[in-house]
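Novice: Following this line is data-v1.cif, made up of mmCIF, C-alpha atoms:
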data_my_file
#
loop_
_atom_site.label_atom_id
_atom_site.label_comp_id
_atom_site.auth_asym_id
_atom_site.auth_seq_id
_atom_site.Cartn_x
_atom_site.Cartn_y
_atom_site.Cartn_z
CA MET A 1076 2.84 -31.74 3.56
CA THR A 1077 -0.88 -32.39 4.04
CA THR A 1078 -3.00 -29.23 4.02
CA ILE A 1079 -6.47 -29.50 5.55
CA GLY A 1080 -8.81 -26.62 4.79
CA VAL A 1081 -11.02 -26.21 7.88
CA PHE A 1082 -13.88 -23.91 6.85
CA VAL A 1083 -15.79 -22.15 9.65
CA ALA A 1084 -18.70 -19.71 9.50
CA THR A 1085 -18.12 -17.55 12.58
CA ARG A 1086 -15.29 -16.15 14.68
CA TRP A 1087 -16.44 -18.22 17.67
CA GLU A 1088 -16.00 -21.45 15.72
CA LEU A 1089 -12.64 -20.24 14.40
CA ALA A 1090 -11.45 -19.49 17.94
CA ALA A 1091 -12.55 -22.93 19.17
CA VAL A 1092 -10.58 -24.74 16.45
CA ARG A 1093 -7.54 -22.48 16.84
CA HIS A 1094 -7.46 -23.20 20.57
CA ALA A 1095 -6.80 -26.87 19.81
CA PHE A 1096 -3.29 -26.13 18.55
CA PRO A 1097 -0.28 -24.95 20.59
CA ALA A 1098 0.82 -22.42 17.96
CA SER A 1099 -0.58 -20.79 14.85
CA GLU A 1100 -0.02 -17.85 12.53
CA VAL A 1101 -2.18 -15.61 10.37
CA ARG A 1102 -1.76 -15.70 6.60
CA VAL A 1103 -3.71 -13.71 4.03
CA VAL A 1104 -4.40 -15.77 0.92
CA GLY A 1105 -6.69 -14.67 -1.89
CA GLY A 1106 -7.77 -11.76 0.30
CA ILE A 1107 -8.89 -14.18 3.04
CA ARG A 1108 -7.37 -13.86 6.51
CA CYS A 1109 -6.65 -17.48 7.49
CA VAL A 1110 -5.21 -19.01 10.64
CA VAL A 1111 -2.62 -21.71 9.92
CA ALA A 1112 -1.47 -24.22 12.53
CA ARG A 1113 1.38 -26.51 11.53
CA HIS A 1114 1.45 -29.72 13.53
CA ALA A 1115 4.02 -32.35 12.46
CA SER A 1116 3.43 -33.03 8.74
CA VAL A 1117 -0.01 -31.42 8.64
CA GLU A 1118 -1.00 -27.80 8.10
CA TRP A 1119 -4.47 -26.98 9.39
CA TRP A 1120 -5.81 -23.97 7.48
CA ILE A 1121 -8.68 -22.47 9.49
CA ILE A 1122 -10.64 -20.42 6.97
CA PRO A 1123 -13.50 -18.01 7.82
CA MET A 1124 -16.24 -18.13 5.20
CA GLY A 1125 -19.26 -16.38 6.71
CA VAL A 1126 -22.73 -17.85 7.13
CA GLY A 1127 -24.74 -19.53 4.40
CA PRO A 1128 -24.20 -21.54 1.21
CA GLU A 1129 -23.43 -18.56 -1.05
CA ARG A 1130 -20.60 -17.30 1.14
CA ALA A 1131 -19.29 -20.84 1.59
CA THR A 1132 -19.14 -21.38 -2.17
CA ALA A 1133 -17.48 -18.05 -2.89
CA THR A 1134 -14.87 -18.44 -0.15
CA ALA A 1135 -13.97 -22.01 -1.07
CA ARG A 1136 -13.52 -21.15 -4.75
CA ARG A 1137 -11.45 -18.06 -3.98
CA MET A 1138 -9.29 -20.05 -1.56
CA LEU A 1139 -8.64 -22.89 -3.99
CA ALA A 1140 -7.68 -20.44 -6.71
CA ALA A 1141 -4.82 -19.25 -4.50
CA GLN A 1142 -3.89 -22.20 -2.27
CA SER A 1143 -3.71 -25.96 -2.81
CA LEU A 1144 -5.62 -27.98 -0.22
CA SER A 1145 -5.41 -31.73 0.37
CA ALA A 1146 -8.94 -31.85 1.83
CA ILE A 1147 -11.88 -29.64 2.74
CA TRP A 1148 -13.55 -30.00 6.13
CA SER A 1149 -16.84 -28.29 6.98
CA THR A 1150 -16.55 -27.43 10.66
CA GLY A 1151 -18.39 -25.55 13.37
CA PHE A 1152 -21.69 -25.83 15.20
CA ALA A 1153 -24.78 -27.68 14.01
CA CYS A 1154 -28.34 -28.37 15.02
CA ALA A 1155 -28.92 -32.01 15.92
CA LEU A 1156 -31.69 -33.76 14.04
CA GLY A 1157 -32.80 -36.59 16.28
CA PRO A 1158 -31.60 -37.67 19.74
CA ALA A 1159 -28.40 -35.91 20.86
CA ASP A 1160 -26.90 -33.82 23.63
CA ILE A 1161 -25.34 -30.38 23.41
CA GLY A 1162 -21.67 -30.77 22.52
CA ASP A 1163 -21.99 -34.18 20.84
CA VAL A 1164 -19.69 -34.66 17.85
CA LEU A 1165 -21.49 -35.09 14.51
CA ILE A 1166 -19.52 -36.64 11.65
CA GLY A 1167 -21.18 -36.50 8.25
CA THR A 1168 -21.29 -39.32 5.73
CA ASP A 1169 -23.06 -37.21 3.08
CA VAL A 1170 -25.03 -33.97 2.79
CA ILE A 1171 -27.99 -32.65 0.84
CA LEU A 1172 -29.14 -29.09 0.13
CA GLU A 1173 -32.77 -28.69 1.16
CA ASN A 1174 -34.55 -25.42 0.31
CA GLY A 1175 -38.17 -26.40 0.93
CA ALA A 1176 -39.10 -26.68 -2.74
CA GLN A 1177 -36.72 -29.44 -3.77
CA THR A 1178 -33.83 -31.46 -2.45
CA ALA A 1179 -30.60 -31.69 -4.41
CA ALA A 1180 -28.69 -34.93 -4.92
CA PRO A 1181 -26.50 -35.82 -1.93
CA VAL A 1182 -22.79 -35.03 -1.86
CA SER A 1183 -20.73 -37.81 -0.32
CA CYS A 1184 -17.98 -37.38 2.22
CA ALA A 1185 -14.73 -39.30 1.66
CA PRO A 1186 -15.26 -42.68 3.42
CA ALA A 1187 -11.59 -43.11 4.39
CA MET A 1188 -11.50 -39.62 5.93
CA VAL A 1189 -14.79 -40.20 7.76
CA ASP A 1190 -13.39 -43.41 9.27
CA TRP A 1191 -10.16 -41.63 10.20
CA VAL A 1192 -11.99 -38.88 12.10
CA LYS A 1193 -14.28 -41.40 13.81
CA GLN A 1194 -11.25 -43.33 15.07
CA ALA A 1195 -9.66 -40.13 16.38
CA VAL A 1196 -12.87 -39.21 18.22
CA HIS A 1197 -13.30 -42.74 19.57
CA THR A 1198 -9.76 -42.79 20.94
CA HIS A 1199 -10.52 -39.69 23.02
CA ASP A 1200 -13.93 -40.99 24.19
CA LEU A 1201 -15.93 -38.05 22.83
CA PRO A 1202 -19.69 -38.61 22.36
CA MET A 1203 -20.28 -39.06 18.65
CA ARG A 1204 -22.94 -39.70 16.02
CA SER A 1205 -22.34 -40.29 12.32
CA GLY A 1206 -24.76 -39.99 9.40
CA GLY A 1207 -26.21 -37.69 6.80
CA PHE A 1208 -26.35 -33.89 7.04
CA VAL A 1209 -28.86 -31.39 5.69
CA THR A 1210 -27.89 -27.89 4.55
CA VAL A 1211 -30.51 -25.13 4.43
CA PRO A 1212 -30.18 -21.59 3.00
CA ARG A 1213 -31.50 -19.78 6.09
CA VAL A 1214 -31.56 -20.15 9.86
CA LEU A 1215 -34.43 -22.38 10.98
CA CYS A 1216 -35.60 -20.67 14.15
CA LEU A 1217 -38.66 -22.74 15.06
CA ALA A 1218 -38.66 -26.32 16.31
CA GLU A 1219 -41.53 -27.05 13.89
CA GLU A 1220 -39.34 -26.04 10.94
CA LYS A 1221 -36.51 -28.28 12.09
CA ARG A 1222 -38.86 -31.24 12.52
CA GLU A 1223 -40.32 -30.69 9.05
CA VAL A 1224 -36.86 -30.77 7.47
CA ALA A 1225 -35.93 -33.85 9.50
CA GLY A 1226 -39.11 -35.57 8.31
CA ARG A 1227 -38.45 -34.75 4.65
CA ALA A 1228 -34.71 -35.16 4.45
CA GLY A 1229 -33.66 -37.24 7.45
CA GLY A 1230 -30.07 -36.87 8.65
CA ILE A 1231 -28.37 -36.32 11.99
CA GLY A 1232 -27.30 -32.69 11.61
CA LEU A 1233 -28.45 -29.39 10.15
CA ASP A 1234 -26.22 -26.52 8.98
CA MET A 1235 -25.98 -23.79 6.34
CA GLU A 1236 -22.67 -24.47 4.57
CA SER A 1237 -21.71 -28.13 4.21
CA ALA A 1238 -23.52 -28.91 0.94
CA ALA A 1239 -21.96 -25.86 -0.74
CA LEU A 1240 -18.47 -26.81 0.43
CA GLY A 1241 -19.03 -30.41 -0.63
CA LEU A 1242 -19.97 -29.34 -4.15
CA VAL A 1243 -16.82 -27.22 -4.50
CA ALA A 1244 -14.70 -30.09 -3.16
CA SER A 1245 -16.33 -32.42 -5.69
CA GLU A 1246 -15.61 -29.98 -8.53
CA HIS A 1247 -11.92 -29.98 -7.59
CA ARG A 1248 -11.78 -33.71 -6.77
CA ILE A 1249 -10.72 -32.98 -3.20
CA PRO A 1250 -11.69 -35.27 -0.28
CA PHE A 1251 -14.48 -33.75 1.81
CA ALA A 1252 -15.56 -34.22 5.43
CA ILE A 1253 -18.13 -32.74 7.83
CA VAL A 1254 -16.88 -32.44 11.41
CA ARG A 1255 -19.16 -30.47 13.75
CA THR A 1256 -20.53 -30.27 17.29
CA VAL A 1257 -24.11 -29.80 18.50
CA SER A 1258 -25.09 -26.29 19.65
CA ASP A 1259 -28.89 -26.62 19.49
CA LEU A 1260 -31.48 -29.37 19.33
CA GLU A 1261 -34.30 -30.30 16.98
CA ASP A 1262 -37.04 -29.75 19.57
CA GLU A 1263 -36.00 -26.25 20.70
CA SER A 1264 -36.82 -22.94 19.06
CA LEU A 1265 -34.28 -20.12 18.86
CA PRO A 1266 -35.04 -16.98 20.91
CA LEU A 1267 -34.80 -14.60 17.92
CA ASP A 1268 -35.00 -14.61 14.15
CA PHE A 1269 -31.26 -14.84 13.54
CA ASN A 1270 -31.81 -14.30 9.81
CA LEU A 1271 -32.05 -10.59 10.71
CA PHE A 1272 -28.35 -10.58 11.58
CA LEU A 1273 -27.38 -11.96 8.16
CA ARG A 1274 -28.62 -8.88 6.29
CA PRO A 1275 -26.55 -5.71 5.75
CA SER A 1276 -28.49 -3.71 8.36
CA GLY A 1277 -29.37 -6.77 10.39
CA TRP A 1278 -27.52 -6.02 13.61
CA ALA A 1279 -29.58 -2.88 14.20
CA LYS A 1280 -32.80 -4.80 13.55
CA GLY A 1281 -31.62 -7.60 15.80
CA VAL A 1282 -30.96 -5.20 18.67
CA VAL A 1283 -34.40 -3.65 18.19
CA ALA A 1284 -35.94 -7.13 18.29
CA CYS A 1285 -34.17 -7.84 21.60
CA LEU A 1286 -35.38 -4.58 23.11
CA ALA A 1287 -38.93 -5.23 21.92
CA HIS A 1288 -38.92 -8.73 23.44
CA PRO A 1289 -36.83 -8.68 26.66
CA ALA A 1290 -37.80 -12.29 27.41
CA SER A 1291 -35.66 -13.30 24.44
CA LEU A 1292 -32.58 -12.46 26.54
CA ILE A 1293 -33.21 -15.60 28.62
CA GLY A 1294 -33.17 -17.70 25.46
CA LEU A 1295 -30.07 -15.91 24.19
CA ASN A 1296 -28.25 -16.69 27.42
CA ARG A 1297 -29.25 -20.35 27.10
CA LEU A 1298 -27.91 -20.40 23.54
CA ARG A 1299 -24.70 -18.68 24.68
CA ILE A 1300 -24.09 -21.40 27.26
CA GLN A 1301 -24.84 -24.14 24.73
CA SER A 1302 -22.44 -22.53 22.24
CA GLN A 1303 -19.72 -22.48 24.89
CA VAL A 1304 -20.20 -26.23 25.43
CA ALA A 1305 -20.18 -26.85 21.66
CA GLY A 1306 -17.03 -24.73 21.33
CA ALA A 1307 -15.20 -26.62 24.07
CA GLN A 1308 -16.09 -29.91 22.40
CA LEU A 1309 -14.95 -28.55 19.03
CA THR A 1310 -11.58 -27.79 20.61
CA ALA A 1311 -11.43 -31.30 22.08
CA LEU A 1312 -12.39 -32.78 18.71
CA TYR A 1313 -9.54 -31.02 16.90
CA ARG A 1314 -7.08 -31.92 19.62
CA ALA A 1315 -8.07 -35.54 19.04
CA CYS A 1316 -7.55 -35.17 15.28
CA ALA A 1317 -4.23 -33.36 15.73
CA ASP A 1318 -3.03 -36.06 18.12
CA ARG A 1319 -3.88 -38.84 15.68
CA ALA A 1320 -2.28 -36.96 12.78
CA LEU A 1321 0.88 -36.53 14.84
CA HIS A 1322 1.19 -40.24 15.48
CA GLU A 1323 -0.30 -41.80 12.35
CA GLY A 1324 -0.63 -39.13 9.67
CA ILE A 1325 -3.84 -38.25 7.87
CA GLY A 1326 -5.82 -41.08 6.25
#
For this file, produce the structure as structure tokens.

Specialist:
Amino acid sequence: MTTIGVFVATRWELAAVRHAFPASEVRVVGGIRCVVARHASVEWWIIPMGVGPERATATARRMLAAQSLSAIWSTGFACALGPADIGDVLIGTDVILENGAQTAAPVSCAPAMVDWVKQAVHTHDLPMRSGGFVTVPRVLCLAEEKREVAGRAGGIGLDMESAALGLVASEHRIPFAIVRTVSDLEDESLPLDFNLFLRPSGWAKGVVACLAHPASLIGLNRLRIQSQVAGAQLTALYRACADRALHEGIG
């Protein structure tokens, strides 16, 4: 039995992946409430980790202490660095952690697994780009910040968890992949400082920020629509992977 650990940051990403499978069940492992979909000889473990590298590291280590995984996939939404459309599939070849002061050494994705996912996506004619990813420790809300990171670090995609997951996978000698879809673009700023929502009392501050700046609601609605597109494509992406696994197994 092949067990793929699909790590997601939010409930919206979890729901999008879960929707790709005809049946699933909830299992609590290591105190983590996971969704498990068994499809032929593959178990897809959809694992909520929260947002950011620290939560990703803690969740992955706790999970691996309680459950054996054949591979770790970093999944969910991402900001596109460079030309892309909302909903495009981004497949990572490697990832670096970039915190503004220094850039860590890149963590490589498993080449055979990258090629396997690319073939699955190609078979279903989904728009796709492949290349390096950049992980940052906080939400980059301004287009200027995104462009600065792209200029320093390069890459096709930006997220907050992949480098942390890749390091844990490397520690355990487990194949690692990054499989995400585009929810926002390099040249667009976010309507709010979403870092507020990551703090213990952040939701209250976030609501106050919305009330203080009603125009931000237009931007939030735009982001909601883009996230719906990214979620639908994430479902299509995992249906493509499940279909290939059913017929050919996991490479």

Novice: Given the file shown, enumerate the residues that the PyMOL selection byres ((chain A and resi 1254) around 7) captures and present them as a short mmCIF file (atom, residue, chain, number, x, y, z; two decimals) with C-alpha atoms, in the frame of the given file.

Specialist:
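Saved the output as selection-v3.cif:
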data_model
loop_
_atom_site.label_atom_id
_atom_site.label_comp_id
_atom_site.auth_asym_id
_atom_site.auth_seq_id
_atom_site.Cartn_x
_atom_site.Cartn_y
_atom_site.Cartn_z
CA TRP A 1148 -13.55 -30.00 6.13
CA SER A 1149 -16.84 -28.29 6.98
CA THR A 1150 -16.55 -27.43 10.66
CA LEU A 1165 -21.49 -35.09 14.51
CA ILE A 1166 -19.52 -36.64 11.65
CA GLY A 1167 -21.18 -36.50 8.25
CA ALA A 1252 -15.56 -34.22 5.43
CA ILE A 1253 -18.13 -32.74 7.83
CA ARG A 1255 -19.16 -30.47 13.75
#

Novice: Convert the output of the PyMOL selection byres ((chain A and resi 1163) around 6) on the shown file into explicit residues, formatted as a ChimeraX atom specification.

Specialist: /A:1160-1162,1164,1202-1203,1256-1257

Novice: Using all atoms listed in the file, pick whichever of A:Gln1301, A:Leu1295, A:Ala1146, A:Arg1213 has the shortest atom-to-atom distance to Met1076 of chain A.

Specialist: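 Ranking A:Gln1301, A:Leu1295, A:Ala1146, A:Arg1213 by distance to Met1076 of chain A, first place goes to A:Ala1146.
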
Novice: Interatomic distance between atom CA of Arg1113 of chain A and atom CA of Val1189 of chain A?

Specialist: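 Distance between the two atoms: 21.5 Å.
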
Novice: Find the distance between atom CA of Gln1308 of chain A and atom CA of Glu1263 of chain A and write it in Å to one decimal.

Specialist: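 Value for the atom CA of Gln1308 of chain A-atom CA of Glu1263 of chain A distance: 20.3 Å.
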
Novice: Can you turn the PyMOL selection byres ((chain A and resi 1199) around 10) into a concrete residue list for this file, as a VMD selection string?

Specialist: chain A and resid 1194 to 1198 1200 to 1202 1311 to 1312 1314 to 1316 1318 to 1319

Novice: Report the distance between atom CA of Tyr1313 of chain A and atom CA of Cys1216 of chain A in Å, rounded to one decimal place.

Specialist: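 Interatomic distance, atom CA of Tyr1313 of chain A to atom CA of Cys1216 of chain A: 28.2 Å.
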
Novice: May I have the centre and edge lengths, in Å to one decimal, of an axis-aligned box around the listed atoms of segment 1142-1145 of chain A with 6 Å added to every side, as AutoDock Vina command-line options?

Specialist:
--center_x -4.7 --center_y -27.0 --center_z -1.2 --size_x 13.9 --size_y 21.5 --size_z 15.2

Novice: Using only C-alpha atoms, which of the listed residues (A:Ala1112, A:Ile1171, A:Ala1185, A:Ile1249) sits closest to Pro1212 of chain A?

Specialist: A:Ile1171

Novice: Let me make sure I understand: among A:Ile1231, A:Val1209, A:Val1224, A:Val1192, which one has the smallest atom-to-atom distance to Ala1179 of chain A if we use all atoms listed in the file?

Specialist: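 Nearest to Ala1179 of chain A: A:Val1209.
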
Novice: Counting all atoms listed in the file, which residue out of A:Phe1208, A:Phe1251, A:Trp1120, A:Phe1096 sits closest to Gly1080 of chain A?

Specialist: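 Among the listed residues, A:Trp1120 lies closest to Gly1080 of chain A.
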
Novice: Mind checking which residues fall within 9 Å of Cys1109 of chain A, counting all atoms listed in the file, ignoring those fewer than 4 positions away in the same chain, and posting them as a list in words?

Specialist: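 What passes the distance filter is Glu1100, Val1101, Arg1102, Val1103, Val1104, Trp1120, Ile1121, Ile1122 and Pro1123 of chain A.
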
Novice: For the residues selected in the previous step, produce a file with C-alpha atoms as a PDB file, in the frame of the given file.

Specialist:
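Output (result17.pdb):
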ATOM      1  CA  GLU A1100      -0.020 -17.850  12.530  1.00  0.00           C
ATOM      2  CA  VAL A1101      -2.180 -15.610  10.370  1.00  0.00           C
ATOM      3  CA  ARG A1102      -1.760 -15.700   6.600  1.00  0.00           C
ATOM      4  CA  VAL A1103      -3.710 -13.710   4.030  1.00  0.00           C
ATOM      5  CA  VAL A1104      -4.400 -15.770   0.920  1.00  0.00           C
ATOM      6  CA  TRP A1120      -5.810 -23.970   7.480  1.00  0.00           C
ATOM      7  CA  ILE A1121      -8.680 -22.470   9.490  1.00  0.00           C
ATOM      8  CA  ILE A1122     -10.640 -20.420   6.970  1.00  0.00           C
ATOM      9  CA  PRO A1123     -13.500 -18.010   7.820  1.00  0.00           C
TER      10      PRO A1123
END

Novice: Measuring between only C-alpha atoms, which one of A:Thr1210, A:Ser1183, A:Ser1237, A:Ser1258 shows the shortest distance to Cys1154 of chain A?

Specialist: A:Ser1258

Novice: Using all atoms listed in the file, can you tell me which of A:Glu1118, A:Glu1323, A:Glu1219, A:Asp1234 comes closest to Trp1191 of chain A?

Specialist: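 The shortest atom-to-atom distance to Trp1191 of chain A comes from A:Glu1323.
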
Novice: Which residues are near Gly1230 of chain A? Cut-off 9 Å, only C-alpha atoms, ignore same chain within fewer than 5 positions. Put them as a PDB file with C-alpha atoms, in the frame of the given file.

Specialist:
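Contents of selection.pdb, as written:
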ATOM      1  CA  ALA A1155     -28.920 -32.010  15.920  1.00  0.00           C
ATOM      2  CA  LEU A1156     -31.690 -33.760  14.040  1.00  0.00           C
ATOM      3  CA  GLY A1157     -32.800 -36.590  16.280  1.00  0.00           C
ATOM      4  CA  GLY A1167     -21.180 -36.500   8.250  1.00  0.00           C
ATOM      5  CA  ASP A1169     -23.060 -37.210   3.080  1.00  0.00           C
ATOM      6  CA  VAL A1170     -25.030 -33.970   2.790  1.00  0.00           C
ATOM      7  CA  GLY A1206     -24.760 -39.990   9.400  1.00  0.00           C
ATOM      8  CA  GLY A1207     -26.210 -37.690   6.800  1.00  0.00           C
ATOM      9  CA  PHE A1208     -26.350 -33.890   7.040  1.00  0.00           C
ATOM     10  CA  VAL A1209     -28.860 -31.390   5.690  1.00  0.00           C
ATOM     11  CA  ALA A1225     -35.930 -33.850   9.500  1.00  0.00           C
TER      12      ALA A1225
END

Novice: What's the 12 Å shell around Ser1245 of chain A, counting all atoms listed in the file, without same-chain residues fewer than 2 positions away, as a ChimeraX atom specification?

Specialist: /A:1132,1135-1136,1146-1147,1181-1185,1238-1243,1247-1252
